[in-house]
$ cat final24.pdb   # PDB, C-alpha atoms and all ligand atoms
ATOM      1  CA  MET A  31     -37.795   0.916   9.903
ATOM      2  CA  LYS A  32     -34.055   0.763   9.260
ATOM      3  CA  GLU A  33     -32.510   4.204   8.668
ATOM      4  CA  GLY A  34     -30.152   4.889   5.753
ATOM      5  CA  PRO A  35     -30.235   5.255   1.967
ATOM      6  CA  LEU A  36     -33.109   3.560   0.149
ATOM      7  CA  LEU A  37     -32.746  -0.197  -0.321
ATOM      8  CA  SER A  38     -29.314  -0.132   1.316
ATOM      9  CA  ALA A  39     -29.979  -3.377   3.210
ATOM     10  CA  GLU A  40     -30.950  -5.060  -0.073
ATOM     11  CA  VAL A  41     -27.857  -3.660  -1.851
ATOM     12  CA  ILE A  42     -25.612  -5.146   0.833
ATOM     13  CA  SER A  43     -27.427  -8.448   0.841
ATOM     14  CA  PHE A  44     -27.227  -8.860  -2.971
ATOM     15  CA  LEU A  45     -23.557  -7.807  -3.066
ATOM     16  CA  ASN A  46     -22.986 -10.641  -0.576
ATOM     17  CA  ILE A  47     -19.927  -8.799   0.746
ATOM     18  CA  ASN A  48     -16.717 -10.643   1.462
ATOM     19  CA  LYS A  49     -15.023  -8.406   4.039
ATOM     20  CA  ASP A  50     -11.600  -8.761   2.421
ATOM     21  CA  GLY A  51     -12.940  -8.248  -1.094
ATOM     22  CA  PHE A  52     -12.649  -5.482  -3.693
ATOM     23  CA  TYR A  53     -15.842  -3.569  -4.458
ATOM     24  CA  ILE A  54     -16.766  -0.745  -6.817
ATOM     25  CA  ASP A  55     -19.386   1.928  -6.348
ATOM     26  CA  ALA A  56     -19.545   3.050  -9.977
ATOM     27  CA  THR A  57     -21.900   5.976  -9.334
ATOM     28  CA  ALA A  58     -20.692   7.195  -5.947
ATOM     29  CA  GLY A  59     -22.791  10.381  -5.763
ATOM     30  CA  MET A  60     -22.722  11.698  -2.192
ATOM     31  CA  GLY A  61     -21.313   8.347  -1.130
ATOM     32  CA  TYR A  62     -24.223   7.273   1.067
ATOM     33  CA  LEU A  63     -24.181   3.743  -0.345
ATOM     34  CA  SER A  64     -20.352   3.700  -0.455
ATOM     35  CA  GLU A  65     -20.393   4.305   3.277
ATOM     36  CA  VAL A  66     -22.769   1.400   3.806
ATOM     37  CA  ILE A  67     -20.455  -0.859   1.751
ATOM     38  CA  LEU A  68     -17.384   0.428   3.598
ATOM     39  CA  ASN A  69     -18.981  -0.482   6.930
ATOM     40  CA  GLU A  70     -19.126  -4.113   5.789
ATOM     41  CA  LEU A  71     -15.453  -4.271   4.770
ATOM     42  CA  GLY A  72     -12.614  -5.454   6.967
ATOM     43  CA  GLU A  73      -9.075  -4.077   7.128
ATOM     44  CA  LYS A  74      -8.049  -5.852   3.932
ATOM     45  CA  GLY A  75     -11.130  -4.875   1.953
ATOM     46  CA  ASN A  76     -11.028  -2.184  -0.742
ATOM     47  CA  LEU A  77     -13.549   0.139  -2.315
ATOM     48  CA  LEU A  78     -13.218   2.061  -5.568
ATOM     49  CA  MET A  79     -15.624   4.988  -5.829
ATOM     50  CA  THR A  80     -16.165   6.571  -9.241
ATOM     51  CA  ASP A  81     -18.355   9.422 -10.423
ATOM     52  CA  LEU A  82     -18.503  11.468 -13.597
ATOM     53  CA  ASP A  83     -19.085  14.668 -11.650
ATOM     54  CA  LYS A  84     -15.708  16.308 -11.017
ATOM     55  CA  GLU A  85     -17.002  18.767  -8.404
ATOM     56  CA  LEU A  86     -18.596  15.926  -6.502
ATOM     57  CA  CYS A  87     -15.391  13.837  -6.534
ATOM     58  CA  SER A  88     -13.415  16.771  -5.070
ATOM     59  CA  LEU A  89     -15.973  16.996  -2.269
ATOM     60  CA  LEU A  90     -15.819  13.255  -1.622
ATOM     61  CA  LYS A  91     -12.030  13.406  -1.380
ATOM     62  CA  LYS A  92     -12.323  16.073   1.325
ATOM     63  CA  ASN A  93     -14.880  14.093   3.331
ATOM     64  CA  GLU A  94     -13.386  12.568   6.479
ATOM     65  CA  ILE A  95     -15.395   9.350   6.036
ATOM     66  CA  PHE A  96     -13.740   8.639   2.677
ATOM     67  CA  ARG A  97     -10.201   9.559   3.747
ATOM     68  CA  ASP A  98      -9.622   5.909   4.400
ATOM     69  CA  SER A  99      -6.666   3.894   3.104
ATOM     70  CA  ARG A 100      -9.088   1.245   1.780
ATOM     71  CA  ILE A 101     -10.739   3.758  -0.569
ATOM     72  CA  THR A 102      -9.794   5.088  -4.005
ATOM     73  CA  ILE A 103     -11.884   7.895  -5.486
ATOM     74  CA  GLU A 104     -11.729   8.488  -9.246
ATOM     75  CA  ASN A 105     -13.489  11.066 -11.375
ATOM     76  CA  ALA A 106     -14.370   8.728 -14.227
ATOM     77  CA  ASP A 107     -17.117   7.598 -16.569
ATOM     78  CA  TYR A 108     -18.311   4.129 -15.591
ATOM     79  CA  CYS A 109     -18.321   3.282 -19.299
ATOM     80  CA  ASP A 110     -14.510   3.412 -19.081
ATOM     81  CA  MET A 111     -14.338   0.985 -16.130
ATOM     82  CA  PRO A 112     -12.293  -1.752 -17.890
ATOM     83  CA  ALA A 113      -9.625   0.802 -18.923
ATOM     84  CA  LEU A 114      -9.664   2.440 -15.480
ATOM     85  CA  LEU A 115      -9.051  -0.871 -13.693
ATOM     86  CA  LYS A 116      -6.220  -1.640 -16.092
ATOM     87  CA  SER A 117      -4.579   1.779 -15.740
ATOM     88  CA  LYS A 118      -4.748   1.621 -11.920
ATOM     89  CA  ASN A 119      -3.546  -1.989 -11.871
ATOM     90  CA  LEU A 120      -6.732  -3.063 -10.120
ATOM     91  CA  PRO A 121      -8.070  -6.627 -10.315
ATOM     92  CA  ALA A 122     -11.511  -7.804 -11.360
ATOM     93  CA  ALA A 123     -13.929  -6.933  -8.561
ATOM     94  CA  ASP A 124     -15.997  -9.030  -6.166
ATOM     95  CA  GLY A 125     -18.927  -6.722  -6.654
ATOM     96  CA  ILE A 126     -20.084  -3.537  -8.336
ATOM     97  CA  LEU A 127     -22.969  -1.190  -7.658
ATOM     98  CA  PHE A 128     -24.654   1.069 -10.215
ATOM     99  CA  ASP A 129     -27.152   3.613  -8.878
ATOM    100  CA  PHE A 130     -28.183   5.258 -12.123
ATOM    101  CA  GLY A 131     -29.507   8.755 -12.711
ATOM    102  CA  VAL A 132     -29.351  12.127 -11.074
ATOM    103  CA  GLY A 133     -28.322  12.543  -7.444
ATOM    104  CA  THR A 134     -29.182  15.006  -4.695
ATOM    105  CA  TYR A 135     -25.860  16.763  -5.232
ATOM    106  CA  GLN A 136     -26.716  17.672  -8.828
ATOM    107  CA  LEU A 137     -30.308  18.620  -7.983
ATOM    108  CA  ASN A 138     -29.003  21.075  -5.381
ATOM    109  CA  SER A 139     -26.181  22.330  -7.631
ATOM    110  CA  GLU A 140     -26.392  25.426  -9.821
ATOM    111  CA  ARG A 141     -26.322  23.520 -13.107
ATOM    112  CA  GLY A 142     -29.970  23.693 -14.108
ATOM    113  CA  PHE A 143     -31.076  20.186 -13.073
ATOM    114  CA  SER A 144     -33.899  21.524 -10.921
ATOM    115  CA  PHE A 145     -36.831  23.396 -12.440
ATOM    116  CA  MET A 146     -37.431  25.005  -9.054
ATOM    117  CA  LYS A 147     -34.281  27.125  -9.410
ATOM    118  CA  ASP A 148     -33.103  30.013 -11.550
ATOM    119  CA  ASP A 149     -29.884  28.345 -12.764
ATOM    120  CA  PHE A 150     -28.324  28.248 -16.235
ATOM    121  CA  LEU A 151     -29.504  25.252 -18.280
ATOM    122  CA  ASP A 152     -26.402  23.065 -18.356
ATOM    123  CA  MET A 153     -27.470  19.658 -16.906
ATOM    124  CA  ARG A 154     -24.225  17.847 -17.720
ATOM    125  CA  TYR A 155     -22.804  15.587 -15.002
ATOM    126  CA  ASN A 156     -19.342  16.370 -16.342
ATOM    127  CA  SER A 157     -19.862  20.123 -16.626
ATOM    128  CA  GLY A 158     -17.059  21.591 -18.659
ATOM    129  CA  GLY A 159     -16.883  18.440 -20.775
ATOM    130  CA  ALA A 160     -17.657  18.117 -24.458
ATOM    131  CA  GLY A 161     -21.164  17.567 -25.737
ATOM    132  CA  PRO A 162     -24.252  19.754 -25.842
ATOM    133  CA  LYS A 163     -25.685  21.417 -22.748
ATOM    134  CA  ALA A 164     -29.434  21.441 -22.119
ATOM    135  CA  TRP A 165     -29.249  25.108 -23.228
ATOM    136  CA  ASP A 166     -28.069  24.039 -26.718
ATOM    137  CA  VAL A 167     -30.893  21.523 -27.065
ATOM    138  CA  VAL A 168     -33.572  23.952 -25.920
ATOM    139  CA  ASN A 169     -32.288  26.916 -27.938
ATOM    140  CA  SER A 170     -31.108  25.342 -31.169
ATOM    141  CA  PHE A 171     -32.544  21.883 -31.859
ATOM    142  CA  PRO A 172     -35.275  21.678 -34.525
ATOM    143  CA  GLU A 173     -38.803  21.488 -33.090
ATOM    144  CA  LYS A 174     -39.375  17.921 -34.288
ATOM    145  CA  GLU A 175     -36.161  16.651 -32.739
ATOM    146  CA  LEU A 176     -36.924  18.450 -29.474
ATOM    147  CA  ALA A 177     -40.396  16.882 -29.360
ATOM    148  CA  GLY A 178     -38.844  13.457 -30.047
ATOM    149  CA  ILE A 179     -36.391  13.802 -27.151
ATOM    150  CA  ILE A 180     -39.132  14.921 -24.749
ATOM    151  CA  TYR A 181     -41.332  12.017 -25.844
ATOM    152  CA  GLU A 182     -38.669   9.294 -25.851
ATOM    153  CA  PHE A 183     -36.791  10.124 -22.663
ATOM    154  CA  GLY A 184     -39.570  11.842 -20.715
ATOM    155  CA  GLU A 185     -42.445   9.610 -21.832
ATOM    156  CA  GLU A 186     -44.295  12.930 -22.067
ATOM    157  CA  ARG A 187     -47.472  12.709 -24.156
ATOM    158  CA  ARG A 188     -47.639  16.524 -24.446
ATOM    159  CA  SER A 189     -44.178  16.592 -26.081
ATOM    160  CA  ARG A 190     -45.260  18.233 -29.369
ATOM    161  CA  ARG A 191     -47.135  21.008 -27.605
ATOM    162  CA  ILE A 192     -44.198  21.670 -25.282
ATOM    163  CA  ALA A 193     -41.642  21.696 -28.125
ATOM    164  CA  LYS A 194     -43.830  24.136 -30.100
ATOM    165  CA  SER A 195     -44.059  26.537 -27.132
ATOM    166  CA  ILE A 196     -40.296  26.348 -26.555
ATOM    167  CA  VAL A 197     -39.596  27.178 -30.211
ATOM    168  CA  GLU A 198     -42.098  30.083 -30.209
ATOM    169  CA  GLU A 199     -40.598  31.496 -27.036
ATOM    170  CA  ARG A 200     -36.960  31.206 -28.137
ATOM    171  CA  LYS A 201     -37.716  33.288 -31.233
ATOM    172  CA  LYS A 202     -38.270  36.219 -28.834
ATOM    173  CA  HIS A 203     -35.228  35.627 -26.591
ATOM    174  CA  PRO A 204     -32.907  32.791 -25.561
ATOM    175  CA  ILE A 205     -34.195  30.454 -22.853
ATOM    176  CA  ASP A 206     -31.337  30.629 -20.390
ATOM    177  CA  SER A 207     -32.537  29.389 -17.045
ATOM    178  CA  ALA A 208     -34.270  26.339 -15.628
ATOM    179  CA  SER A 209     -37.068  28.370 -14.071
ATOM    180  CA  GLN A 210     -37.641  30.235 -17.375
ATOM    181  CA  LEU A 211     -38.069  26.880 -19.154
ATOM    182  CA  ALA A 212     -40.315  25.557 -16.375
ATOM    183  CA  ASP A 213     -42.591  28.628 -16.725
ATOM    184  CA  ILE A 214     -42.920  28.126 -20.498
ATOM    185  CA  ILE A 215     -43.932  24.492 -19.953
ATOM    186  CA  LYS A 216     -46.325  25.383 -17.138
ATOM    187  CA  LYS A 217     -48.204  27.759 -19.438
ATOM    188  CA  CYS A 218     -48.742  25.204 -22.215
ATOM    189  CA  ALA A 219     -49.091  21.937 -20.272
ATOM    190  CA  ARG A 220     -51.189  22.339 -17.152
ATOM    191  CA  GLY A 221     -52.531  19.663 -14.855
ATOM    192  CA  GLY A 222     -51.240  16.330 -13.566
ATOM    193  CA  LYS A 223     -50.054  15.289 -10.134
ATOM    194  CA  THR A 224     -46.441  16.390 -10.609
ATOM    195  CA  HIS A 225     -45.040  19.698 -11.890
ATOM    196  CA  PRO A 226     -45.748  19.891 -15.666
ATOM    197  CA  ALA A 227     -42.003  20.372 -16.351
ATOM    198  CA  THR A 228     -40.901  17.184 -14.543
ATOM    199  CA  LYS A 229     -40.848  14.901 -17.585
ATOM    200  CA  THR A 230     -39.270  17.473 -19.929
ATOM    201  CA  PHE A 231     -36.440  18.109 -17.451
ATOM    202  CA  GLN A 232     -35.911  14.361 -17.082
ATOM    203  CA  ALA A 233     -35.782  13.981 -20.865
ATOM    204  CA  LEU A 234     -33.256  16.796 -21.368
ATOM    205  CA  ARG A 235     -31.002  15.418 -18.625
ATOM    206  CA  ILE A 236     -31.103  11.873 -20.004
ATOM    207  CA  PHE A 237     -30.397  13.099 -23.550
ATOM    208  CA  VAL A 238     -27.584  15.508 -22.643
ATOM    209  CA  ASN A 239     -25.772  12.831 -20.634
ATOM    210  CA  SER A 240     -26.497   9.914 -23.054
ATOM    211  CA  GLU A 241     -27.757   8.101 -19.979
ATOM    212  CA  MET A 242     -29.568   5.238 -21.684
ATOM    213  CA  ASP A 243     -26.661   4.474 -24.053
ATOM    214  CA  ASN A 244     -24.346   4.471 -21.046
ATOM    215  CA  VAL A 245     -26.561   2.061 -19.091
ATOM    216  CA  ARG A 246     -26.602  -0.274 -22.117
ATOM    217  CA  LYS A 247     -22.783  -0.208 -22.459
ATOM    218  CA  VAL A 248     -22.304  -1.625 -18.938
ATOM    219  CA  PHE A 249     -23.530  -5.045 -20.043
ATOM    220  CA  SER A 250     -20.831  -5.348 -22.679
ATOM    221  CA  PHE A 251     -18.036  -5.358 -20.075
ATOM    222  CA  LEU A 252     -19.613  -6.758 -16.918
ATOM    223  CA  GLN A 253     -17.792 -10.093 -17.240
ATOM    224  CA  GLU A 254     -14.490  -8.306 -17.819
ATOM    225  CA  ILE A 255     -14.587  -6.237 -14.626
ATOM    226  CA  LEU A 256     -16.019  -8.856 -12.252
ATOM    227  CA  LYS A 257     -14.499 -12.095 -10.993
ATOM    228  CA  PRO A 258     -16.350 -15.357 -11.597
ATOM    229  CA  GLY A 259     -18.918 -15.379  -8.775
ATOM    230  CA  GLY A 260     -18.744 -11.550  -8.597
ATOM    231  CA  ARG A 261     -21.998  -9.689  -8.103
ATOM    232  CA  ALA A 262     -23.527  -6.673  -9.855
ATOM    233  CA  VAL A 263     -26.357  -4.661  -8.335
ATOM    234  CA  PHE A 264     -28.365  -2.130 -10.339
ATOM    235  CA  LEU A 265     -30.627   0.564  -8.928
ATOM    236  CA  THR A 266     -32.814   2.417 -11.407
ATOM    237  CA  PHE A 267     -35.228   5.255 -11.010
ATOM    238  CA  HIS A 268     -36.974   5.364 -14.400
ATOM    239  CA  SER A 269     -38.971   2.672 -16.119
ATOM    240  CA  ILE A 270     -36.906   3.214 -19.316
ATOM    241  CA  GLU A 271     -33.684   2.460 -17.406
ATOM    242  CA  ASP A 272     -35.181  -0.540 -15.647
ATOM    243  CA  ARG A 273     -36.360  -1.976 -18.982
ATOM    244  CA  ILE A 274     -32.800  -1.756 -20.346
ATOM    245  CA  VAL A 275     -31.328  -3.447 -17.246
ATOM    246  CA  LYS A 276     -33.986  -6.170 -17.349
ATOM    247  CA  THR A 277     -33.516  -6.873 -21.081
ATOM    248  CA  GLU A 278     -29.714  -6.847 -20.994
ATOM    249  CA  LEU A 279     -29.578  -9.112 -17.919
ATOM    250  CA  LYS A 280     -31.960 -11.548 -19.590
ATOM    251  CA  LYS A 281     -29.689 -11.701 -22.664
ATOM    252  CA  LEU A 282     -26.587 -12.366 -20.533
ATOM    253  CA  ALA A 283     -28.468 -14.990 -18.524
ATOM    254  CA  SER A 284     -29.616 -16.805 -21.662
ATOM    255  CA  ASP A 285     -25.989 -16.815 -22.899
ATOM    256  CA  GLY A 286     -25.029 -18.434 -19.579
ATOM    257  CA  ALA A 287     -22.742 -15.518 -18.661
ATOM    258  CA  ILE A 288     -24.621 -14.621 -15.501
ATOM    259  CA  GLU A 289     -27.106 -16.026 -13.061
ATOM    260  CA  LEU A 290     -30.027 -13.719 -12.386
ATOM    261  CA  LEU A 291     -30.489 -13.154  -8.654
ATOM    262  CA  THR A 292     -33.726 -11.202  -8.972
ATOM    263  CA  LYS A 293     -36.466 -12.849 -11.003
ATOM    264  CA  LYS A 294     -38.546  -9.712 -10.443
ATOM    265  CA  ALA A 295     -37.246  -6.243  -9.614
ATOM    266  CA  VAL A 296     -37.033  -5.542  -5.880
ATOM    267  CA  LYS A 297     -39.034  -2.462  -4.842
ATOM    268  CA  ALA A 298     -39.018  -0.239  -1.785
ATOM    269  CA  THR A 299     -41.448  -1.226   0.940
ATOM    270  CA  HIS A 300     -44.769   0.520   1.395
ATOM    271  CA  ALA A 301     -43.429   2.168   4.554
ATOM    272  CA  GLN A 302     -40.344   3.519   2.741
ATOM    273  CA  SER A 303     -42.520   4.888  -0.067
ATOM    274  CA  ARG A 304     -44.776   6.674   2.403
ATOM    275  CA  ILE A 305     -41.809   8.433   3.972
ATOM    276  CA  GLN A 306     -40.022   9.203   0.689
ATOM    277  CA  PRO A 307     -42.277   9.444  -2.376
ATOM    278  CA  ARG A 308     -39.177   9.032  -4.628
ATOM    279  CA  ALA A 309     -38.850   5.485  -3.285
ATOM    280  CA  ARG A 310     -41.900   4.349  -5.240
ATOM    281  CA  SER A 311     -39.958   4.461  -8.533
ATOM    282  CA  ILE A 312     -36.813   2.663  -7.377
ATOM    283  CA  ARG A 313     -36.117  -0.827  -8.730
ATOM    284  CA  LEU A 314     -33.227  -3.126  -7.805
ATOM    285  CA  ARG A 315     -31.947  -5.969  -9.988
ATOM    286  CA  ALA A 316     -28.909  -8.114  -9.314
ATOM    287  CA  ALA A 317     -26.807 -10.761 -11.040
ATOM    288  CA  GLN A 318     -23.836 -13.022 -10.405
ATOM    289  CA  ILE A 319     -21.125 -13.841 -12.926
ATOM    290  CA  THR A 320     -21.089 -17.588 -13.577
TER     291      THR A 320
HETATM  292  C1  LIG B 401     -28.312   8.537  -8.097
HETATM  293  S1  LIG B 401     -26.744   9.258  -7.955
HETATM  294  C2  LIG B 401     -25.883   8.146  -6.905
HETATM  295  C3  LIG B 401     -26.187   8.322  -5.458
HETATM  296  C4  LIG B 401     -25.258   7.502  -4.567
HETATM  297  N1  LIG B 401     -25.521   6.079  -4.670
HETATM  298  C5  LIG B 401     -25.286   7.937  -3.120
HETATM  299  O1  LIG B 401     -25.383   7.058  -2.258
HETATM  300  O2  LIG B 401     -25.185   9.147  -2.860
HETATM  301  C6  LIG B 401     -26.000   8.900  -9.507
HETATM  302  C7  LIG B 401     -24.601   9.435  -9.710
HETATM  303  O3  LIG B 401     -24.105   8.857 -10.918
HETATM  304  C8  LIG B 401     -23.237   9.774 -11.525
HETATM  305  N2  LIG B 401     -23.105   9.411 -12.946
HETATM  306  C9  LIG B 401     -23.998   9.592 -13.946
HETATM  307  N3  LIG B 401     -23.515   9.100 -15.106
HETATM  308  C10 LIG B 401     -22.298   8.574 -14.817
HETATM  309  C11 LIG B 401     -21.291   7.921 -15.598
HETATM  310  N4  LIG B 401     -21.473   7.686 -16.902
HETATM  311  N5  LIG B 401     -20.178   7.511 -14.972
HETATM  312  C12 LIG B 401     -19.975   7.724 -13.648
HETATM  313  N6  LIG B 401     -20.882   8.356 -12.859
HETATM  314  C13 LIG B 401     -22.035   8.774 -13.440
HETATM  315  C14 LIG B 401     -23.887  11.124 -11.285
HETATM  316  O4  LIG B 401     -22.932  12.148 -11.351
HETATM  317  C15 LIG B 401     -24.497  10.936  -9.887
HETATM  318  O5  LIG B 401     -23.657  11.489  -8.919
END
$ encode --input "final24.pdb" --output "structure tokens"
Amino acid sequence: MKEGPLLSAEVISFLNINKDGFYIDATAGMGYLSEVILNELGEKGNLLMTDLDKELCSLLKKNEIFRDSRITIENADYCDMPALLKSKNLPAADGILFDFGVGTYQLNSERGFSFMKDDFLDMRYNSGGAGPKAWDVVNSFPEKELAGIIYEFGEERRSRRIAKSIVEERKKHPIDSASQLADIIKKCARGGKTHPATKTFQALRIFVNSEMDNVRKVFSFLQEILKPGGRAVFLTFHSIEDRIVKTELKKLASDGAIELLTKKAVKATHAQSRIQPRARSIRLRAAQIT
């Protein structure tokens, strides 16, 4: 099997890279996929890497691989892509990649993304930015609202029970750390193949970062940031995200704005899924501007 980030061969194939073209990795993360794109570019090619995580962008800028004259790294929200291109005097791109969701960098960070660790419950990609932290949601949101968030963004059927336990526990003392929250959930929602806190943590992260609203916004400016014939590739990890991508692409295709390149979502192979269980949830969809 080919080594490298999951579905990287498919990402490259759907981006249909022109070696002198201008490409955007809108969710650069650790830059594994950026590196794969960079390897396809010639001397005149260019790559813009953006990520909302400031800490991560500083690390990327220090990485030898990305100290390349063809690369620009920007700490930016992909929702602001049209304004960013304008302010940097950059043209419409030949291709853009979105790899939505949380990355390994955040999961290993000390910002409360992982229920395995004793970190403060922040969970914002742009830590230090405005907007509520996971701590605020857990410690101050009304029980009903908390249950709604856990149900909607975690697809957790035990959401009411979990919200009730959180509210009972926070009356005694604030729930400060990820592991503290995971223990509360473990006590009230046992069983299942994965850790009982998995879905609640997913829900809090998605809510705190307005992830689904952000995914939806992309489709309002896709035509503005890509050239005619330009390609967009979307990698999702949750069924909720994939549903949004699928629906929004269908709308654009029926308006004649894009041509759908994936009638069905592309999945990881059986072999990839055996090696990396995470691979089972990944879906790739792609489109070309008409
Ligand atoms: C799944 S990771 C990307 C992994 C990356 N493809 C790699 O090869 O390492 C998703 C990244 O998107 C970033 N992100 C989330 N929301 C964002 C937004 N609105 N704008 C820009 N980046 C965002 C996160 O900070 C995270 O680093």
$ residues_near_ligand --input "final24.pdb" --ligand "ligand LIG 401 (chain B)" --cutoff "8 Å" --atoms "only C-alpha atoms and all ligand atoms" --output "mmCIF file with C-alpha atoms, in the coordinates of the input"
data_model
loop_
_atom_site.group_PDB
_atom_site.id
_atom_site.type_symbol
_atom_site.label_atom_id
_atom_site.label_comp_id
_atom_site.auth_asym_id
_atom_site.auth_seq_id
_atom_site.Cartn_x
_atom_site.Cartn_y
_atom_site.Cartn_z
ATOM 1 C CA PRO A 35 -30.235 5.255 1.967
ATOM 2 C CA ASP A 55 -19.386 1.928 -6.348
ATOM 3 C CA ALA A 56 -19.545 3.050 -9.977
ATOM 4 C CA THR A 57 -21.900 5.976 -9.334
ATOM 5 C CA ALA A 58 -20.692 7.195 -5.947
ATOM 6 C CA GLY A 59 -22.791 10.381 -5.763
ATOM 7 C CA MET A 60 -22.722 11.698 -2.192
ATOM 8 C CA GLY A 61 -21.313 8.347 -1.130
ATOM 9 C CA TYR A 62 -24.223 7.273 1.067
ATOM 10 C CA LEU A 63 -24.181 3.743 -0.345
ATOM 11 C CA SER A 64 -20.352 3.700 -0.455
ATOM 12 C CA GLU A 65 -20.393 4.305 3.277
ATOM 13 C CA THR A 80 -16.165 6.571 -9.241
ATOM 14 C CA ASP A 81 -18.355 9.422 -10.423
ATOM 15 C CA LEU A 82 -18.503 11.468 -13.597
ATOM 16 C CA ASP A 83 -19.085 14.668 -11.650
ATOM 17 C CA LEU A 86 -18.596 15.926 -6.502
ATOM 18 C CA ASN A 105 -13.489 11.066 -11.375
ATOM 19 C CA ALA A 106 -14.370 8.728 -14.227
ATOM 20 C CA ASP A 107 -17.117 7.598 -16.569
ATOM 21 C CA TYR A 108 -18.311 4.129 -15.591
ATOM 22 C CA CYS A 109 -18.321 3.282 -19.299
ATOM 23 C CA PHE A 128 -24.654 1.069 -10.215
ATOM 24 C CA ASP A 129 -27.152 3.613 -8.878
ATOM 25 C CA PHE A 130 -28.183 5.258 -12.123
ATOM 26 C CA GLY A 131 -29.507 8.755 -12.711
ATOM 27 C CA VAL A 132 -29.351 12.127 -11.074
ATOM 28 C CA GLY A 133 -28.322 12.543 -7.444
ATOM 29 C CA THR A 134 -29.182 15.006 -4.695
ATOM 30 C CA TYR A 135 -25.860 16.763 -5.232
ATOM 31 C CA GLN A 136 -26.716 17.672 -8.828
ATOM 32 C CA TYR A 155 -22.804 15.587 -15.002
ATOM 33 C CA ASN A 156 -19.342 16.370 -16.342
ATOM 34 C CA ASN A 239 -25.772 12.831 -20.634
ATOM 35 C CA GLU A 241 -27.757 8.101 -19.979
ATOM 36 C CA ASN A 244 -24.346 4.471 -21.046
ATOM 37 C CA VAL A 245 -26.561 2.061 -19.091
#
$ resolve_selection --input "final24.pdb" --expression "the PyMOL selection byres (((chain A and resi 198-213) around 12) and not hetatm)" --output "MDAnalysis selection string"
chainID A and resid 137 140:153 163:173 191:197 214:220 225:231 234:235
$ resolve_selection --input "final24.pdb" --expression "the PyMOL selection byres (((chain A and resi 261) around 6) and not hetatm)" --output "list in words"
Leu45, Gly125, Gly260, Ala262, Ala317 and Gln318 of chain A
$ closest_residue --input "final24.pdb" --among "A:Leu282, A:Leu290, A:Ile42, A:Arg308" --to "A:Thr224" --atoms "all atoms listed in the file"
A:Arg308
$ closest_residue --input "final24.pdb" --among "A:Leu77, A:Thr299, A:Lys247, A:Gln232" --to "A:Phe267" --atoms "only C-alpha atoms"
A:Gln232
$ residues_around --input "final24.pdb" --residues "A:Tyr181" --least-positions-apart "3" --cutoff "10 Å" --atoms "only C-alpha atoms" --output "ChimeraX atom specification"
/A:175-178,184-190,193,229-230,233
$ write_last_selection --input "final24.pdb" --atoms "C-alpha atoms" --output "short mmCIF file (atom, residue, chain, number, x, y, z; two decimals), in the coordinates of the input"
data_model
loop_
_atom_site.label_atom_id
_atom_site.label_comp_id
_atom_site.auth_asym_id
_atom_site.auth_seq_id
_atom_site.Cartn_x
_atom_site.Cartn_y
_atom_site.Cartn_z
CA GLU A 175 -36.16 16.65 -32.74
CA LEU A 176 -36.92 18.45 -29.47
CA ALA A 177 -40.40 16.88 -29.36
CA GLY A 178 -38.84 13.46 -30.05
CA GLY A 184 -39.57 11.84 -20.72
CA GLU A 185 -42.44 9.61 -21.83
CA GLU A 186 -44.30 12.93 -22.07
CA ARG A 187 -47.47 12.71 -24.16
CA ARG A 188 -47.64 16.52 -24.45
CA SER A 189 -44.18 16.59 -26.08
CA ARG A 190 -45.26 18.23 -29.37
CA ALA A 193 -41.64 21.70 -28.12
CA LYS A 229 -40.85 14.90 -17.58
CA THR A 230 -39.27 17.47 -19.93
CA ALA A 233 -35.78 13.98 -20.86
#
$ build_atoms --input "final24.pdb" --residues "stretch 99-107 of chain A" --atoms "N, CA and C atoms" --output "mmCIF file, keeping the file's coordinate frame"
data_model
loop_
_atom_site.group_PDB
_atom_site.id
_atom_site.type_symbol
_atom_site.label_atom_id
_atom_site.label_comp_id
_atom_site.auth_asym_id
_atom_site.auth_seq_id
_atom_site.Cartn_x
_atom_site.Cartn_y
_atom_site.Cartn_z
ATOM 1 N N SER A 99 -7.674 4.516 3.977
ATOM 2 C CA SER A 99 -6.666 3.894 3.104
ATOM 3 C C SER A 99 -7.269 2.789 2.222
ATOM 4 N N ARG A 100 -8.467 2.315 2.583
ATOM 5 C CA ARG A 100 -9.088 1.245 1.780
ATOM 6 C C ARG A 100 -9.844 1.797 0.571
ATOM 7 N N ILE A 101 -9.912 3.139 0.481
ATOM 8 C CA ILE A 101 -10.739 3.758 -0.569
ATOM 9 C C ILE A 101 -9.919 4.463 -1.642
ATOM 10 N N THR A 102 -10.341 4.295 -2.897
ATOM 11 C CA THR A 102 -9.794 5.088 -4.005
ATOM 12 C C THR A 102 -10.968 5.821 -4.635
ATOM 13 N N ILE A 103 -10.813 7.116 -4.836
ATOM 14 C CA ILE A 103 -11.884 7.895 -5.486
ATOM 15 C C ILE A 103 -11.379 8.368 -6.844
ATOM 16 N N GLU A 104 -12.135 8.089 -7.896
ATOM 17 C CA GLU A 104 -11.729 8.488 -9.246
ATOM 18 C C GLU A 104 -12.867 9.222 -9.939
ATOM 19 N N ASN A 105 -12.526 10.353 -10.551
ATOM 20 C CA ASN A 105 -13.489 11.066 -11.375
ATOM 21 C C ASN A 105 -13.461 10.399 -12.755
ATOM 22 N N ALA A 106 -14.399 9.508 -12.987
ATOM 23 C CA ALA A 106 -14.370 8.728 -14.227
ATOM 24 C C ALA A 106 -15.775 8.376 -14.685
ATOM 25 N N ASP A 107 -15.869 8.063 -15.971
ATOM 26 C CA ASP A 107 -17.117 7.598 -16.569
ATOM 27 C C ASP A 107 -17.167 6.079 -16.349
#
